[in-house]
Amino acid sequence: MRKTRLLTRAAALLLALIVAVPAFSALASAEAVYTDSGYKSLPKLTPYDIWKLVNETPLYWLEEQKVFDVNPSIKAPYSAGKVKDQVLNDVTERLNMLRRLAGIDPVTADPALCESAQYGAVLMAASEFSHTPAKPADMDEAFYKKGYSATSSGNIYMGKYLMGTPAGFMEDSDPTNIDSLGHRRWQLNPSLGKVGFGFAYRNGRPFTAEKVFDRSAEVKDYDFISWPSSGHFPTGEWFEEETAWSVTLNPGKYLKPDRSQVKVTLTKTATGQKWSFSAASSNGYFNVENSSYGVSNCIIFRPESVGEYKGEYSVTVTGLNDRDGGSASVSFRVSFFDCDSALTEDHRYAASVVTPTCTKRGYTSHTCYLCGFGYANNYVDALGHDFGPDWKAEKCLRCGADNNTVAGFKDVTTDDFFADPVAWAVEKKITAGTGKNTFSPEEGCTRGQVVTFLWRAAGEPEPVGSDNPFRDVKEGEYYYKAVLWAVEKGITTGTGKNTFSPNEICTRGQIVTFLWRSAGQPEPSEKSNPFSDVKSEDYFYKAVLWAVEKKITLGTDADHFSPSDTCTRGQVVTFLFRDMG
């Protein structure tokens, strides 16, 4: 990705001591159900948390000779040089500050990636600002290839000093970049674990290469990554009127959004002013971009005539589909505040405790009665509904809400894609759940459970023989007869010599194979394969084509089936229901 921006000031002076804004969530009264962006395991930041994060993260401008341990040469004989380790670590911390604002984990500066990026920065300084710079006539071919490899596979920037480039890449809203926001999405890629920065000058003009195509990090649970993120968010240089919004959906939970179907509404809470965005009509810029800039599934919008962002705004995105094709939506709120305002620390707080309800968490709201600054803490989880000991009361015993749970399971509601399949599975005595009032739809389904589901769906037939080839399947286990029957029917041959691995979690590839074999291994009539991760030599190849043809599953997105992903209990009963129900 390419980025250009002229440096307009020599330093950023962050003088704020504390910030005056209304308390996010604590003072809001909207009825919509809102969720948070970023990792669910990371707590949301208060304005003071954000002020500390901004002020405690290094930001400085260095003269050229102080950036490098070894100065690069942009003329023959060419030399990559080396940026000081402290500088590389500090610019990485600038990136980590932005990732924390977005609610995702930090990255580390990788020496090999930094070395590669350094060649890229020197090549641009010696040649041209481009992802594909031309080779200077007097440059060694090996040096050129190293530099070209870096510029063609990362973010590049011209005109901003190194420490400012992570924030510069986040803006990304000029006419050449707004359609994809690729720089921002690479920097906010949850799977990014290692990064590399390279830096060089030509006639006082700085060039930066940033290696961000790494995917080594563990991705934790999240619904979407947004910029600005939900909760409190700083304005000013961090998010300005001309900056585009982005909402990147988790591909593990949502199918690729269709631009013709997606609709976005942005609402300013204080005034009720609304901006609407869709393919048909928009109050500003709108796009849906599904290329793999870090993560696909990106919805982009920028309101016209919004002015300076102040106070709370809510966003609702509709026209989405979850990974099983069901309709879905996303709603979140952002409370903007000025992180650069220098205000007194001398607040006088009045505390108010908001008790939790069945559906809303409780908290303590603290509001300064001198200036109106507020924050909330001491959050308490929502109580959840109480539908009696068997979970089948028609109304909640606490709040009177209608019971929309399914089959007496408190963790399955009529809104879930697996609601009808679970009800069917219970009615057919395929499963009774995992415990009192729990079905555990998000838990992985074991191989023992899957063959038992299939056996029960077939009417619990007695195995013809009594030979048991598996040393890890003991008589008396709930899956004993199911395993013997499944082996006789050719549904499974186990996981190895004399082993069935009944407690091993079943994958998506295994479950469709079990279903296909249970159906008699029919030849799929459709020979085209839409999935890049399903090969003709895979044992599950025909099973996947058959399952898609029968609409048992659509895959995890248009291009992927994810055969090695865990198959949850909710997904397994859904597959069974679509096949047999």
# chains A, B, ... in the order shown; residues from 1 in each chain; ligands from 1
call {"tool": "residues_around", "arguments": {"residues": "Trp238 of chain A", "least_positions_apart": "5", "cutoff": "9 Å", "atoms": "only C-alpha atoms", "output": "PyMOL selection string"}}
result
chain A and resi 167+170-171+228+233+339
call {"tool": "write_last_selection", "arguments": {"atoms": "all heavy atoms", "output": "PDB file, in the first residue's frame"}}
result
ATOM      1  N   ALA A 167       0.543   6.404  12.697  1.00  0.00           N
ATOM      2  CA  ALA A 167      -0.688   7.191  12.721  1.00  0.00           C
ATOM      3  C   ALA A 167      -1.048   7.679  11.325  1.00  0.00           C
ATOM      4  O   ALA A 167      -2.228   7.749  10.958  1.00  0.00           O
ATOM      5  CB  ALA A 167      -0.539   8.377  13.671  1.00  0.00           C
ATOM      6  N   MET A 170      -2.920   5.163   9.391  1.00  0.00           N
ATOM      7  CA  MET A 170      -4.281   4.943   9.861  1.00  0.00           C
ATOM      8  C   MET A 170      -5.282   5.885   9.200  1.00  0.00           C
ATOM      9  O   MET A 170      -6.450   5.540   9.030  1.00  0.00           O
ATOM     10  CB  MET A 170      -4.350   5.110  11.379  1.00  0.00           C
ATOM     11  CG  MET A 170      -3.590   4.062  12.166  1.00  0.00           C
ATOM     12  SD  MET A 170      -4.187   2.401  11.858  1.00  0.00           S
ATOM     13  CE  MET A 170      -5.808   2.513  12.585  1.00  0.00           C
ATOM     14  N   GLU A 171      -4.832   7.082   8.833  1.00  0.00           N
ATOM     15  CA  GLU A 171      -5.762   8.046   8.244  1.00  0.00           C
ATOM     16  C   GLU A 171      -6.265   7.535   6.901  1.00  0.00           C
ATOM     17  O   GLU A 171      -7.462   7.384   6.688  1.00  0.00           O
ATOM     18  CB  GLU A 171      -5.085   9.399   8.083  1.00  0.00           C
ATOM     19  CG  GLU A 171      -6.023  10.479   7.595  1.00  0.00           C
ATOM     20  CD  GLU A 171      -5.343  11.832   7.560  1.00  0.00           C
ATOM     21  OE1 GLU A 171      -4.375  12.032   8.299  1.00  0.00           O
ATOM     22  OE2 GLU A 171      -5.790  12.666   6.762  1.00  0.00           O
ATOM     23  N   PRO A 228     -13.088   4.538  13.994  1.00  0.00           N
ATOM     24  CA  PRO A 228     -12.744   4.508  15.408  1.00  0.00           C
ATOM     25  C   PRO A 228     -13.359   3.287  16.098  1.00  0.00           C
ATOM     26  O   PRO A 228     -14.377   2.765  15.655  1.00  0.00           O
ATOM     27  CB  PRO A 228     -13.353   5.805  15.934  1.00  0.00           C
ATOM     28  CG  PRO A 228     -14.523   6.058  15.028  1.00  0.00           C
ATOM     29  CD  PRO A 228     -14.064   5.608  13.674  1.00  0.00           C
ATOM     30  N   PHE A 233     -13.055   7.451  22.405  1.00  0.00           N
ATOM     31  CA  PHE A 233     -12.078   7.529  21.317  1.00  0.00           C
ATOM     32  C   PHE A 233     -11.642   8.986  21.153  1.00  0.00           C
ATOM     33  O   PHE A 233     -12.468   9.895  21.161  1.00  0.00           O
ATOM     34  CB  PHE A 233     -12.670   7.014  20.010  1.00  0.00           C
ATOM     35  CG  PHE A 233     -11.632   6.677  18.986  1.00  0.00           C
ATOM     36  CD1 PHE A 233     -11.029   5.426  18.975  1.00  0.00           C
ATOM     37  CD2 PHE A 233     -11.223   7.611  18.053  1.00  0.00           C
ATOM     38  CE1 PHE A 233     -10.053   5.110  18.050  1.00  0.00           C
ATOM     39  CE2 PHE A 233     -10.256   7.311  17.123  1.00  0.00           C
ATOM     40  CZ  PHE A 233      -9.661   6.055  17.115  1.00  0.00           C
ATOM     41  N   CYS A 339      -8.390  14.660  23.249  1.00  0.00           N
ATOM     42  CA  CYS A 339      -7.273  14.194  24.075  1.00  0.00           C
ATOM     43  C   CYS A 339      -6.198  15.267  24.238  1.00  0.00           C
ATOM     44  O   CYS A 339      -5.280  15.115  25.042  1.00  0.00           O
ATOM     45  CB  CYS A 339      -6.668  12.938  23.453  1.00  0.00           C
ATOM     46  SG  CYS A 339      -5.670  11.933  24.566  1.00  0.00           S
TER      47      CYS A 339
END
call {"tool": "residues_around", "arguments": {"residues": "Lys474 of chain A", "least_positions_apart": "3", "cutoff": "12 Å", "atoms": "only C-alpha atoms", "output": "list in words"}}
result
Gly448, Asp467, Asn468, Pro469, Phe470, Arg471, Glu477, Tyr478, Tyr479, Tyr480, Lys481, Ala482, Val483, Leu484, Thr499, Phe500, Ser501 and Pro502 of chain A
call {"tool": "residues_around", "arguments": {"residues": "His560 of chain A", "least_positions_apart": "5", "cutoff": "6 Å", "atoms": "only C-alpha atoms", "output": "PyMOL selection string"}}
result
chain A and resi 531-533
call {"tool": "residues_around", "arguments": {"residues": "Gly164 of chain A", "least_positions_apart": "5", "cutoff": "9 Å", "atoms": "only C-alpha atoms", "output": "PDB file with N, CA, C and O atoms, in the first residue's frame"}}
result
ATOM      1  N   LEU A   7       4.796  16.436   6.275  1.00  0.00           N
ATOM      2  CA  LEU A   7       4.850  16.718   7.705  1.00  0.00           C
ATOM      3  C   LEU A   7       4.535  18.183   7.916  1.00  0.00           C
ATOM      4  O   LEU A   7       5.158  19.065   7.345  1.00  0.00           O
ATOM      5  N   LEU A  59       7.075   9.568  21.295  1.00  0.00           N
ATOM      6  CA  LEU A  59       6.883  10.330  20.063  1.00  0.00           C
ATOM      7  C   LEU A  59       7.938  11.423  20.028  1.00  0.00           C
ATOM      8  O   LEU A  59       7.981  12.286  20.894  1.00  0.00           O
ATOM      9  N   TYR A  60       8.815  11.355  19.044  1.00  0.00           N
ATOM     10  CA  TYR A  60       9.868  12.357  18.929  1.00  0.00           C
ATOM     11  C   TYR A  60      10.341  12.372  17.498  1.00  0.00           C
ATOM     12  O   TYR A  60      10.122  11.449  16.711  1.00  0.00           O
ATOM     13  N   TRP A  61      11.013  13.469  17.126  1.00  0.00           N
ATOM     14  CA  TRP A  61      11.591  13.608  15.788  1.00  0.00           C
ATOM     15  C   TRP A  61      13.106  13.680  15.945  1.00  0.00           C
ATOM     16  O   TRP A  61      13.618  14.439  16.768  1.00  0.00           O
ATOM     17  N   VAL A  91       8.991   3.097  17.510  1.00  0.00           N
ATOM     18  CA  VAL A  91       7.978   3.255  16.462  1.00  0.00           C
ATOM     19  C   VAL A  91       7.011   2.074  16.489  1.00  0.00           C
ATOM     20  O   VAL A  91       5.816   2.236  16.207  1.00  0.00           O
ATOM     21  N   ARG A  94       4.450   2.938  18.932  1.00  0.00           N
ATOM     22  CA  ARG A  94       3.438   3.842  18.366  1.00  0.00           C
ATOM     23  C   ARG A  94       2.351   3.034  17.662  1.00  0.00           C
ATOM     24  O   ARG A  94       1.164   3.323  17.790  1.00  0.00           O
ATOM     25  N   PHE A 169      -0.493   6.115   8.475  1.00  0.00           N
ATOM     26  CA  PHE A 169      -1.100   5.009   7.750  1.00  0.00           C
ATOM     27  C   PHE A 169      -2.562   4.807   8.153  1.00  0.00           C
ATOM     28  O   PHE A 169      -3.368   4.311   7.363  1.00  0.00           O
TER      29      PHE A 169
END
call {"tool": "residues_around", "arguments": {"residues": "segment 507-522 of chain A", "least_positions_apart": "3", "cutoff": "10 Å", "atoms": "only C-alpha atoms", "output": "ChimeraX atom specification"}}
result
/A:444-447,450-451,454-455,458,486,489-492,504,525,534,538-548,552-553,555,561-568,571-572,575-576,579-580
call {"tool": "residues_around", "arguments": {"residues": "segment 307-309 of chain A", "least_positions_apart": "4", "cutoff": "10 Å", "atoms": "only C-alpha atoms", "output": "PDB file with C-alpha atoms, in the first residue's frame"}}
result
ATOM      1  CA  PRO A 234      -9.821  10.600  20.875  1.00  0.00           C
ATOM      2  CA  THR A 235     -10.513  13.154  18.157  1.00  0.00           C
ATOM      3  CA  GLY A 236      -8.218  15.891  16.849  1.00  0.00           C
ATOM      4  CA  PHE A 239      -9.814  11.105  13.949  1.00  0.00           C
ATOM      5  CA  GLU A 240     -10.755  14.124  11.878  1.00  0.00           C
ATOM      6  CA  GLU A 241     -13.703  15.185   9.743  1.00  0.00           C
ATOM      7  CA  GLU A 242     -12.113  13.864   6.529  1.00  0.00           C
ATOM      8  CA  LYS A 268     -25.209  11.682  16.473  1.00  0.00           C
ATOM      9  CA  PRO A 303     -20.260  11.213   6.296  1.00  0.00           C
ATOM     10  CA  TYR A 313     -22.244   8.596  17.794  1.00  0.00           C
ATOM     11  CA  SER A 335     -17.878   8.581  22.452  1.00  0.00           C
ATOM     12  CA  PHE A 336     -15.404  11.126  21.055  1.00  0.00           C
ATOM     13  CA  PHE A 337     -13.331  13.381  23.297  1.00  0.00           C
ATOM     14  CA  ASP A 338     -10.460  15.826  22.802  1.00  0.00           C
TER      15      ASP A 338
END
call {"tool": "closest_residue", "arguments": {"among": "A:Asn283, A:Thr269, A:Met139, A:Phe453", "to": "Val426 of chain A", "atoms": "only C-alpha atoms"}}
result
A:Phe453
call {"tool": "residues_around", "arguments": {"residues": "segment 400-414 of chain A", "least_positions_apart": "2", "cutoff": "9 Å", "atoms": "only C-alpha atoms", "output": "PyMOL selection string"}}
result
chain A and resi 385-387+390-398+416-420+422-423+426-427+433+436-441
call {"tool": "select_by_dssp", "arguments": {"residues": "segment 179-353 of chain A", "states": "strand (DSSP E or B)", "output": "ChimeraX atom specification"}}
result
/A:194-202,205-211,222,224-227,231-234,245-249,254,263-268,274-278,284-289,298-303,311-322,327-337,349-353
call {"tool": "closest_residue", "arguments": {"among": "A:Asp322, A:Glu210, A:Asp472, A:Glu537", "to": "Asp557 of chain A", "atoms": "only C-alpha atoms"}}
result
A:Asp322
call {"tool": "closest_residue", "arguments": {"among": "A:Thr452, A:Ser466, A:Arg202, A:Lys82", "to": "Val573 of chain A", "atoms": "only C-alpha atoms"}}
result
A:Thr452
